[in-house]
Every structure is written in C-alpha cells, then in structure tokens.
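One structure below.
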Amino acid sequence: MPDQPEPLESFEEGQAIAPMGAGGASDLATAEGETLEKTPGGPLGTGADKKPRSLWSDAWRDLRRNPIFIISSLVILFLVVISIWPQLIASGDPLDCDLSKAQEGSQPGHPFGFNGQGCDVYTRTVYGARTSVSVGVLATLGVAILGSILGGLAGFFGGAWDGVLSRITDVFFAIPVVLGGLVLLSVVTSSTVWPVIGFMVLLGWPQLSRIARGSVITAKQNDYVQAARALGASNSRMMLRHIAPNAIAPVIVVATIALGTYIALEATLSYLGVGLKPPTVSWGIDISSASQYIRNAPHMLLWPAGALAITVLAFIMLGDAVRDALDPKLR
C-alpha cells in the first residue's frame, strides 16, 4: 500500500489537521469554526467585547495625534488661565501710570516698556487678554446658541418658517460688519463689553444658522430618523436624541474658527473708537493709542498687536484641526 501522508501540524493552534478524505471538508469547516470561536472578539476582533468607535471617539483619537491641535490648545489654555488670573504673571496695576516714563523702552521690571500715558505695556498686555478672550468666547456662545436653535428649527420643520428665516438671514448678510458696527455702536456710551458682544451676536448668528439648517436637513433624511418617526417618536425626541448629536459637528467647527474672528473684530472696533472704551483694558484700545507713536515708540504697538495675532492664530489653528477631525470627507 502507498504511504499515507503525514498529518500537517498547525503552528498557530498546535493541533493536527486530518488529511482530506471522506468527511475531510466537514472536519476542516469544524476546525475553522473552532478557531473563530477562540479568536478574541470573534472574526476580525469585532465581537461584543469590543465597542464600535463613534465619530467623536475617532475625532478625539485624531486630535490627540495632531501637533497643530496640541500646540493651539496649549496656547489657548495659557490665555484662558491668564485671563482668569492675570496676577499670576503680572503683579502691577494696568491703570497705574506715570507720565514721567511715557514712551520709555524696556527697563528692569518692565520688559515691554511704557506707553504714551506712562502705563506698563507688559501689565496692560496681560490684562488685555481677559477682555479680548471673554468677548470672543461670549460672542461665540451667543452666536452658536441662537444660530443653532433658529437654523435647526428651520431645517427640521421647513415650510413657511424656513422661508421667513432665509429672507431674514439674507438681510443680515447684506450688512457689512464693520460699517454696521460703526453705525450701531457709535450711539452707545457704555464702556462695558456687553454692547460689543450683543452687536457680534446680532450680526453673527445668520452664518451659524445657515450651517445648522443645512446640517439638520441632511441628518433628518437618514434612515435612523425615519425609523424613529415610524415608531412614533415625538419631534422633540427626534431633534434632541437623533438629529442634534449628528448635526452639531459642522456648527462646532465653524464656531471654533469664528471665535478668533470675533476677537479680531473686537480689536478692530476698539481701534476705530466704537468698540470698548477706556478705562477698559483691551488690546484694540492699546493698538489704537499706540498707532500714532509707531515711529518713536514701536514697542507700544508691537506687544499688544503680537498678542492679538497669536491669539487669533491659535483659535484658527484649533478650528482647522477640529474640522479635519470631524469631517469624514477629509479622512
């Protein structure tokens, strides 16, 4: 009789595979089934013990690996800390001025020199972060909340509500931001930040409203929303549980990028004399007062303008990183 083939050893399982013969195919299928059962998490490791990743978990994983996100987050974290506790790095008073030191350069204890009124530029630059960051954050929150609610309702219900809101947003889009600020804020005498924040919310919500409207229209056409509607889910439940979590990503991206824009807009309005007013400490106010001394004392303009540029750049970089992480088309 011819020699029978020797059993083949499985290096992975350490078991012998029987030679193919009568019933060999069924034996092989059984062995494969046993192997799959022994695989952790089932085939390809996608069993019940391994949770599927969501858009937010994937985005957070990508953000942690993005150096742009890390750098911009650290810069923003530093700005937030000094906005809340400026005395951590600046022990002086931003309103304590000495005219005898006006326009003088760097000195021991005063690394940024003095401005035209003899105030310490370093202290005013540090304290100016509080005003600029608070205006940007509060304006962005107001714009995001108002725009998301109005745009989300228009996209969900449609009809006359959508038509009226679209025409209203067209009117606001036709108003130039800077010109509108010059007209509306020129009659305001308050030196607080609230008129400026209110103006930004008033002219900024239409952009977020358009984004939210389009995102809700796209989300409500998905199968899971139609299934929830067929099962008798109420409009509020569909909006809060099914549509909003899947439509909020574009709003977050646009709002993050717009935050830096609002900080720059506050500085622009303050520079033109219709934004924040003294004795409020603001980068825009310092840039405006230093512009006439740029030839004789450029340090007065350099430091607040540099702080403003770094802040705006950090928020724009953060927005770009968040956009890359949340946009599936960029993966």
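Each chain in the structure tokens gets a letter, A, B and so on, in the order shown; residues start at 1 in every chain, and ligands are counted from 1 in the order they appear.
For Met200 (chain A), the non-local neighbours within 10 Å, defined as residues at least 5 positions apart in the same chain or in other chains and counting only C-alpha atoms, are Val135, Gly136, Leu138, Ala139, Thr140, Gly142, Val143, Val177, Gly181, Trp194, Pro195, Trp205, Tyr262, Leu265 and Glu266 of chain A.
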With region 271-275 of chain A as the partner and 9 Å as the cut-off, tabulate the residues of region 281-321 of chain A that qualify, each row holding the nearest pair of atoms and their distance in Å to one decimal, using only C-alpha atoms, sorted by chain and rising number, as a Markdown table.
```
| residue | atom | partner | partner_atom | distance |
| --- | --- | --- | --- | --- |
| A:Trp283 | CA | A:Tyr271 | CA | 8.9 |
| A:Gly284 | CA | A:Tyr271 | CA | 5.1 |
| A:Ile285 | CA | A:Tyr271 | CA | 5.7 |
| A:Asp286 | CA | A:Tyr271 | CA | 8.2 |
| A:Ile287 | CA | A:Tyr271 | CA | 6.6 |
| A:Ser288 | CA | A:Tyr271 | CA | 4.6 |
| A:Ser289 | CA | A:Tyr271 | CA | 8.1 |
```
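Residues with any atom within 10 Å of Trp85 (chain A), counting only C-alpha atoms and excluding same-chain neighbours fewer than 6 positions away, are A:Leu79, A:Val126, A:Tyr127, A:Arg130.
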Output the selection as a tab-separated table (two decimals), in the first residue's frame - N, CA and C atoms for each residue.
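Written output follows (out.tsv):
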```
chain	number	residue	atom	x	y	z
A	79	LEU	N	-3.82	81.29	27.61
A	79	LEU	CA	-4.58	82.54	27.52
A	79	LEU	C	-5.77	82.53	28.48
A	126	VAL	N	-1.06	91.75	29.42
A	126	VAL	CA	-1.55	90.58	30.14
A	126	VAL	C	-3.02	90.75	30.51
A	127	TYR	N	-3.37	91.91	31.06
A	127	TYR	CA	-4.76	92.15	31.46
A	127	TYR	C	-5.67	92.32	30.25
A	130	ARG	N	-7.82	89.22	29.15
A	130	ARG	CA	-9.12	88.94	29.79
A	130	ARG	C	-10.27	89.51	28.98
```
Using DSSP assignments from the backbone, pull out every residue in region 106-273 of chain A that falls under helix (DSSP H, G or I) and give it to me as an mmCIF file with C-alpha atoms, in the first residue's frame.
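After the write, result.cif holds the following:
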```
data_model
loop_
_atom_site.group_PDB
_atom_site.id
_atom_site.type_symbol
_atom_site.label_atom_id
_atom_site.label_comp_id
_atom_site.auth_asym_id
_atom_site.auth_seq_id
_atom_site.Cartn_x
_atom_site.Cartn_y
_atom_site.Cartn_z
ATOM 1 C CA VAL A 121 2.837 97.790 28.462
ATOM 2 C CA TYR A 122 3.513 94.302 29.824
ATOM 3 C CA THR A 123 0.823 94.584 32.502
ATOM 4 C CA ARG A 124 -1.706 96.028 30.069
ATOM 5 C CA THR A 125 -0.954 93.286 27.542
ATOM 6 C CA VAL A 126 -1.553 90.577 30.140
ATOM 7 C CA TYR A 127 -4.760 92.145 31.458
ATOM 8 C CA GLY A 128 -5.939 92.842 27.917
ATOM 9 C CA ALA A 129 -6.212 89.099 27.327
ATOM 10 C CA ARG A 130 -9.120 88.935 29.794
ATOM 11 C CA THR A 131 -11.230 91.400 27.837
ATOM 12 C CA SER A 132 -10.437 90.100 24.373
ATOM 13 C CA VAL A 133 -10.855 86.415 25.220
ATOM 14 C CA SER A 134 -14.061 86.987 27.201
ATOM 15 C CA VAL A 135 -15.586 88.981 24.349
ATOM 16 C CA GLY A 136 -14.661 86.298 21.825
ATOM 17 C CA VAL A 137 -15.915 83.389 23.939
ATOM 18 C CA LEU A 138 -19.205 85.024 24.996
ATOM 19 C CA ALA A 139 -19.940 86.252 21.478
ATOM 20 C CA THR A 140 -19.246 82.800 20.040
ATOM 21 C CA LEU A 141 -21.511 81.132 22.608
ATOM 22 C CA GLY A 142 -24.320 83.566 21.856
ATOM 23 C CA VAL A 143 -23.948 83.154 18.103
ATOM 24 C CA ALA A 144 -23.749 79.352 18.328
ATOM 25 C CA ILE A 145 -26.793 79.017 20.594
ATOM 26 C CA LEU A 146 -29.024 81.455 18.711
ATOM 27 C CA GLY A 147 -27.932 80.323 15.256
ATOM 28 C CA SER A 148 -28.210 76.621 16.088
ATOM 29 C CA ILE A 149 -31.718 76.930 17.525
ATOM 30 C CA LEU A 150 -33.134 79.064 14.713
ATOM 31 C CA GLY A 151 -31.371 77.193 11.930
ATOM 32 C CA GLY A 152 -32.156 73.778 13.418
ATOM 33 C CA LEU A 153 -35.872 74.580 13.710
ATOM 34 C CA ALA A 154 -35.956 75.935 10.158
ATOM 35 C CA GLY A 155 -34.235 72.861 8.771
ATOM 36 C CA PHE A 156 -36.424 70.438 10.720
ATOM 37 C CA PHE A 157 -39.873 71.954 10.117
ATOM 38 C CA GLY A 159 -42.173 75.388 5.132
ATOM 39 C CA ALA A 160 -43.033 78.978 5.982
ATOM 40 C CA TRP A 161 -40.664 79.032 8.976
ATOM 41 C CA ASP A 162 -37.741 78.135 6.738
ATOM 42 C CA GLY A 163 -38.726 80.705 4.124
ATOM 43 C CA VAL A 164 -39.060 83.559 6.610
ATOM 44 C CA LEU A 165 -35.762 82.748 8.318
ATOM 45 C CA SER A 166 -33.960 82.538 4.974
ATOM 46 C CA ARG A 167 -35.149 86.004 3.991
ATOM 47 C CA ILE A 168 -34.133 87.427 7.386
ATOM 48 C CA THR A 169 -30.643 85.969 7.089
ATOM 49 C CA ASP A 170 -30.326 87.456 3.604
ATOM 50 C CA VAL A 171 -30.991 90.901 5.075
ATOM 51 C CA PHE A 172 -28.303 90.462 7.746
ATOM 52 C CA PHE A 173 -25.799 89.128 5.197
ATOM 53 C CA VAL A 177 -19.901 94.041 9.691
ATOM 54 C CA VAL A 178 -17.522 96.956 10.220
ATOM 55 C CA LEU A 179 -19.952 99.506 8.796
ATOM 56 C CA GLY A 180 -22.733 98.089 10.935
ATOM 57 C CA GLY A 181 -20.502 98.364 13.997
ATOM 58 C CA LEU A 182 -19.693 101.990 13.221
ATOM 59 C CA VAL A 183 -23.400 102.813 12.919
ATOM 60 C CA LEU A 184 -24.814 100.784 15.800
ATOM 61 C CA LEU A 185 -22.054 101.188 18.383
ATOM 62 C CA TRP A 194 -21.930 93.803 26.556
ATOM 63 C CA PRO A 195 -22.803 96.219 23.709
ATOM 64 C CA VAL A 196 -19.938 94.805 21.640
ATOM 65 C CA ILE A 197 -20.968 91.215 22.418
ATOM 66 C CA GLY A 198 -24.590 91.981 21.562
ATOM 67 C CA PHE A 199 -23.554 93.515 18.236
ATOM 68 C CA MET A 200 -21.481 90.461 17.332
ATOM 69 C CA VAL A 201 -24.339 88.101 18.185
ATOM 70 C CA LEU A 202 -26.777 90.228 16.207
ATOM 71 C CA LEU A 203 -24.712 90.131 13.022
ATOM 72 C CA GLY A 204 -23.060 86.738 13.525
ATOM 73 C CA TRP A 205 -25.962 84.335 14.051
ATOM 74 C CA PRO A 206 -27.068 84.146 10.360
ATOM 75 C CA GLN A 207 -23.881 82.328 9.347
ATOM 76 C CA LEU A 208 -24.270 79.671 12.052
ATOM 77 C CA SER A 209 -27.970 79.471 11.250
ATOM 78 C CA ARG A 210 -27.262 78.542 7.628
ATOM 79 C CA ILE A 211 -24.755 75.911 8.717
ATOM 80 C CA ALA A 212 -27.139 74.404 11.284
ATOM 81 C CA ARG A 213 -30.046 74.432 8.830
ATOM 82 C CA GLY A 214 -28.152 72.535 6.150
ATOM 83 C CA SER A 215 -26.762 70.046 8.658
ATOM 84 C CA VAL A 216 -30.224 69.306 10.113
ATOM 85 C CA ILE A 217 -31.740 68.869 6.645
ATOM 86 C CA THR A 218 -29.054 66.311 5.825
ATOM 87 C CA ALA A 219 -29.393 64.472 9.143
ATOM 88 C CA LYS A 220 -33.194 64.198 9.130
ATOM 89 C CA ASP A 223 -32.753 56.021 7.875
ATOM 90 C CA TYR A 224 -32.495 56.075 11.668
ATOM 91 C CA VAL A 225 -34.532 59.298 11.810
ATOM 92 C CA GLN A 226 -37.189 57.830 9.516
ATOM 93 C CA ALA A 227 -37.279 54.711 11.670
ATOM 94 C CA ALA A 228 -37.731 56.801 14.825
ATOM 95 C CA ARG A 229 -40.551 58.708 13.142
ATOM 96 C CA ALA A 230 -42.228 55.452 12.089
ATOM 97 C CA ASN A 235 -40.434 65.895 17.233
ATOM 98 C CA SER A 236 -38.561 66.942 20.360
ATOM 99 C CA ARG A 237 -37.167 63.432 20.859
ATOM 100 C CA MET A 238 -36.036 63.183 17.239
ATOM 101 C CA MET A 239 -34.380 66.589 17.428
ATOM 102 C CA LEU A 240 -32.582 66.024 20.737
ATOM 103 C CA ARG A 241 -31.758 62.311 20.553
ATOM 104 C CA HIS A 242 -31.241 61.584 16.867
ATOM 105 C CA ILE A 243 -30.664 64.734 14.804
ATOM 106 C CA ALA A 244 -28.795 67.180 17.070
ATOM 107 C CA PRO A 245 -25.905 64.831 18.031
ATOM 108 C CA ASN A 246 -25.303 64.048 14.353
ATOM 109 C CA ALA A 247 -25.728 67.608 13.068
ATOM 110 C CA ALA A 249 -20.251 68.820 14.273
ATOM 111 C CA PRO A 250 -20.247 71.468 11.476
ATOM 112 C CA VAL A 251 -21.553 74.075 13.938
ATOM 113 C CA ILE A 252 -18.712 73.329 16.363
ATOM 114 C CA VAL A 253 -16.120 73.647 13.588
ATOM 115 C CA VAL A 254 -17.440 76.984 12.286
ATOM 116 C CA ALA A 255 -17.888 78.392 15.809
ATOM 117 C CA THR A 256 -14.323 77.469 16.785
ATOM 118 C CA ILE A 257 -12.883 79.236 13.756
ATOM 119 C CA ALA A 258 -15.233 82.217 14.230
ATOM 120 C CA LEU A 259 -14.033 82.705 17.815
ATOM 121 C CA GLY A 260 -10.695 84.028 16.622
ATOM 122 C CA THR A 261 -12.511 86.225 14.112
ATOM 123 C CA TYR A 262 -14.632 87.789 16.850
ATOM 124 C CA ILE A 263 -11.533 88.596 18.909
ATOM 125 C CA ALA A 264 -10.046 90.343 15.874
ATOM 126 C CA LEU A 265 -13.355 92.139 15.244
ATOM 127 C CA GLU A 266 -13.419 93.471 18.811
ATOM 128 C CA ALA A 267 -9.900 94.828 18.351
ATOM 129 C CA THR A 268 -10.917 96.412 15.035
ATOM 130 C CA LEU A 269 -13.967 98.128 16.504
ATOM 131 C CA SER A 270 -11.953 99.330 19.504
ATOM 132 C CA TYR A 271 -9.265 100.630 17.163
#
```
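One distance worth recording is that between CA of Ala290 (chain A) and CA of Met317 (chain A), which is 28.0 Å.
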### Message
Quick one: residues within 12 Å of Val75 (chain A), only C-alpha atoms, excluding same-chain residues fewer than 5 positions away - as a ChimeraX atom specification?
### Response
/A:68-70,80-82,307,310-318
Using all heavy atoms, can you write the selected residues to a file as a CSV table (one decimal), in the first residue's frame?
```
chain,number,residue,atom,x,y,z
A,68,ILE,N,-0.8,70.3,15.6
A,68,ILE,CA,-1.4,71.6,15.5
A,68,ILE,C,-2.4,71.8,16.6
A,68,ILE,O,-2.5,72.8,17.2
A,68,ILE,CB,-2.0,71.8,14.1
A,68,ILE,CG1,-0.9,71.8,13.0
A,68,ILE,CG2,-2.8,73.1,14.1
A,68,ILE,CD1,-1.5,72.0,11.6
A,69,PHE,N,-3.2,70.7,16.8
A,69,PHE,CA,-4.2,70.8,17.9
A,69,PHE,C,-3.5,70.9,19.3
A,69,PHE,O,-4.0,71.7,20.1
A,69,PHE,CB,-5.1,69.5,17.9
A,69,PHE,CG,-6.0,69.4,19.0
A,69,PHE,CD1,-7.2,70.1,19.1
A,69,PHE,CD2,-5.7,68.5,20.1
A,69,PHE,CE1,-8.0,70.0,20.2
A,69,PHE,CE2,-6.6,68.4,21.2
A,69,PHE,CZ,-7.7,69.1,21.2
A,70,ILE,N,-2.5,70.2,19.5
A,70,ILE,CA,-1.8,70.2,20.8
A,70,ILE,C,-1.2,71.6,21.1
A,70,ILE,O,-1.4,72.2,22.1
A,70,ILE,CB,-0.7,69.1,20.9
A,70,ILE,CG1,-1.4,67.7,20.8
A,70,ILE,CG2,0.1,69.3,22.1
A,70,ILE,CD1,-0.4,66.6,20.7
A,80,VAL,N,-6.4,81.4,28.6
A,80,VAL,CA,-7.6,81.3,29.5
A,80,VAL,C,-7.1,81.5,30.9
A,80,VAL,O,-7.8,82.1,31.7
A,80,VAL,CB,-8.3,80.0,29.3
A,80,VAL,CG1,-9.4,79.7,30.4
A,80,VAL,CG2,-9.0,79.9,27.9
A,81,VAL,N,-6.0,80.8,31.3
A,81,VAL,CA,-5.5,80.9,32.7
A,81,VAL,C,-5.2,82.4,33.0
A,81,VAL,O,-5.5,82.9,34.1
A,81,VAL,CB,-4.3,80.0,32.9
A,81,VAL,CG1,-3.6,80.2,34.2
A,81,VAL,CG2,-4.7,78.5,32.8
A,82,ILE,N,-4.4,83.1,32.1
A,82,ILE,CA,-4.0,84.4,32.5
A,82,ILE,C,-5.2,85.4,32.4
A,82,ILE,O,-5.2,86.5,32.9
A,82,ILE,CB,-2.9,84.9,31.6
A,82,ILE,CG1,-3.3,85.0,30.1
A,82,ILE,CG2,-1.7,84.0,31.7
A,82,ILE,CD1,-2.3,85.7,29.2
A,307,ALA,N,0.3,89.9,20.7
A,307,ALA,CA,-0.5,89.1,21.5
A,307,ALA,C,-1.9,88.8,20.8
A,307,ALA,O,-2.4,87.7,20.8
A,307,ALA,CB,-0.8,89.7,22.8
A,310,ILE,N,-1.2,86.2,17.9
A,310,ILE,CA,-1.0,84.9,18.4
A,310,ILE,C,-2.3,84.3,18.8
A,310,ILE,O,-2.6,83.1,18.6
A,310,ILE,CB,0.0,84.9,19.5
A,310,ILE,CG1,1.4,85.3,19.0
A,310,ILE,CG2,0.1,83.5,20.2
A,310,ILE,CD1,2.5,85.4,20.0
A,311,THR,N,-3.2,85.1,19.5
A,311,THR,CA,-4.5,84.5,20.0
A,311,THR,C,-5.4,84.2,18.8
A,311,THR,O,-6.0,83.1,18.8
A,311,THR,CB,-5.1,85.6,20.8
A,311,THR,OG1,-4.3,85.9,21.9
A,311,THR,CG2,-6.5,85.1,21.4
A,312,VAL,N,-5.5,85.0,17.8
A,312,VAL,CA,-6.3,84.8,16.7
A,312,VAL,C,-5.8,83.5,15.9
A,312,VAL,O,-6.6,82.7,15.5
A,312,VAL,CB,-6.4,86.0,15.8
A,312,VAL,CG1,-7.2,85.7,14.5
A,312,VAL,CG2,-7.1,87.1,16.5
A,313,LEU,N,-4.5,83.5,15.7
A,313,LEU,CA,-3.9,82.3,15.0
A,313,LEU,C,-4.2,81.0,15.8
A,313,LEU,O,-4.5,80.0,15.2
A,313,LEU,CB,-2.4,82.6,14.8
A,313,LEU,CG,-1.7,81.5,14.1
A,313,LEU,CD1,-2.2,81.3,12.7
A,313,LEU,CD2,-0.2,81.8,14.1
A,314,ALA,N,-4.1,81.0,17.1
A,314,ALA,CA,-4.3,79.8,17.9
A,314,ALA,C,-5.7,79.3,17.7
A,314,ALA,O,-5.9,78.1,17.5
A,314,ALA,CB,-4.0,80.1,19.4
A,315,PHE,N,-6.7,80.2,17.8
A,315,PHE,CA,-8.1,79.7,17.6
A,315,PHE,C,-8.4,79.3,16.2
A,315,PHE,O,-9.1,78.3,16.0
A,315,PHE,CB,-9.0,80.9,18.0
A,315,PHE,CG,-9.2,81.0,19.5
A,315,PHE,CD1,-8.6,82.1,20.2
A,315,PHE,CD2,-10.0,80.1,20.2
A,315,PHE,CE1,-8.8,82.2,21.5
A,315,PHE,CE2,-10.1,80.2,21.6
A,315,PHE,CZ,-9.6,81.3,22.2
A,316,ILE,N,-7.8,79.9,15.2
A,316,ILE,CA,-8.0,79.5,13.8
A,316,ILE,C,-7.3,78.1,13.6
A,316,ILE,O,-7.9,77.2,13.0
A,316,ILE,CB,-7.4,80.5,12.8
A,316,ILE,CG1,-8.3,81.8,12.9
A,316,ILE,CG2,-7.4,79.9,11.4
A,316,ILE,CD1,-7.8,82.9,12.0
A,317,MET,N,-6.1,77.9,14.2
A,317,MET,CA,-5.5,76.6,14.1
A,317,MET,C,-6.3,75.5,14.8
A,317,MET,O,-6.4,74.4,14.3
A,317,MET,CB,-4.1,76.7,14.7
A,317,MET,CG,-3.1,77.5,13.8
A,317,MET,SD,-1.5,77.8,14.7
A,317,MET,CE,-1.0,76.1,15.1
A,318,LEU,N,-6.9,75.9,15.9
A,318,LEU,CA,-7.7,74.9,16.6
A,318,LEU,C,-8.9,74.5,15.8
A,318,LEU,O,-9.3,73.4,15.7
A,318,LEU,CB,-8.1,75.5,18.0
A,318,LEU,CG,-9.0,74.6,18.8
A,318,LEU,CD1,-8.3,73.3,19.3
A,318,LEU,CD2,-9.6,75.4,20.0
```
Residue contacts of Asp98 (chain A) (12 Å, only C-alpha atoms) excluding same-chain residues fewer than 6 positions away, as an mmCIF file with N, CA and C atoms, in the first residue's frame:
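Contents of around.cif, freshly written:
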```cif
data_model
loop_
_atom_site.group_PDB
_atom_site.id
_atom_site.type_symbol
_atom_site.label_atom_id
_atom_site.label_comp_id
_atom_site.auth_asym_id
_atom_site.auth_seq_id
_atom_site.Cartn_x
_atom_site.Cartn_y
_atom_site.Cartn_z
ATOM 1 N N GLU A 104 8.900 105.336 27.231
ATOM 2 C CA GLU A 104 10.223 104.773 27.503
ATOM 3 C C GLU A 104 10.246 103.285 27.156
ATOM 4 N N GLY A 113 8.359 97.950 28.313
ATOM 5 C CA GLY A 113 8.412 99.399 28.286
ATOM 6 C C GLY A 113 7.099 100.026 28.742
ATOM 7 N N PHE A 114 6.905 101.305 28.351
ATOM 8 C CA PHE A 114 5.741 102.073 28.797
ATOM 9 C C PHE A 114 5.048 102.673 27.576
ATOM 10 N N ASN A 115 3.754 102.944 27.729
ATOM 11 C CA ASN A 115 3.003 103.517 26.612
ATOM 12 C C ASN A 115 2.990 105.041 26.711
ATOM 13 N N GLY A 116 2.151 105.687 25.924
ATOM 14 C CA GLY A 116 2.138 107.140 25.870
ATOM 15 C C GLY A 116 1.664 107.795 27.145
ATOM 16 N N GLN A 117 0.952 107.057 27.982
ATOM 17 C CA GLN A 117 0.491 107.602 29.259
ATOM 18 C C GLN A 117 1.379 107.183 30.428
ATOM 19 N N GLY A 118 2.460 106.465 30.140
ATOM 20 C CA GLY A 118 3.348 106.001 31.184
ATOM 21 C C GLY A 118 2.882 104.727 31.871
ATOM 22 N N CYS A 119 1.961 104.000 31.258
ATOM 23 C CA CYS A 119 1.478 102.736 31.821
ATOM 24 C C CYS A 119 2.369 101.595 31.351
ATOM 25 N N ASP A 120 2.512 100.584 32.188
ATOM 26 C CA ASP A 120 3.349 99.435 31.861
ATOM 27 C C ASP A 120 2.699 98.623 30.742
#
```
### Task
Would you work out the distance separating CA of Ser91 (chain A) from CA of His110 (chain A), expressed in Å to one decimal?
10.9 Å
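Taking CA of Pro94 (chain A) as the reference point, CA of Val281 (chain A) is found at 7.4 Å.
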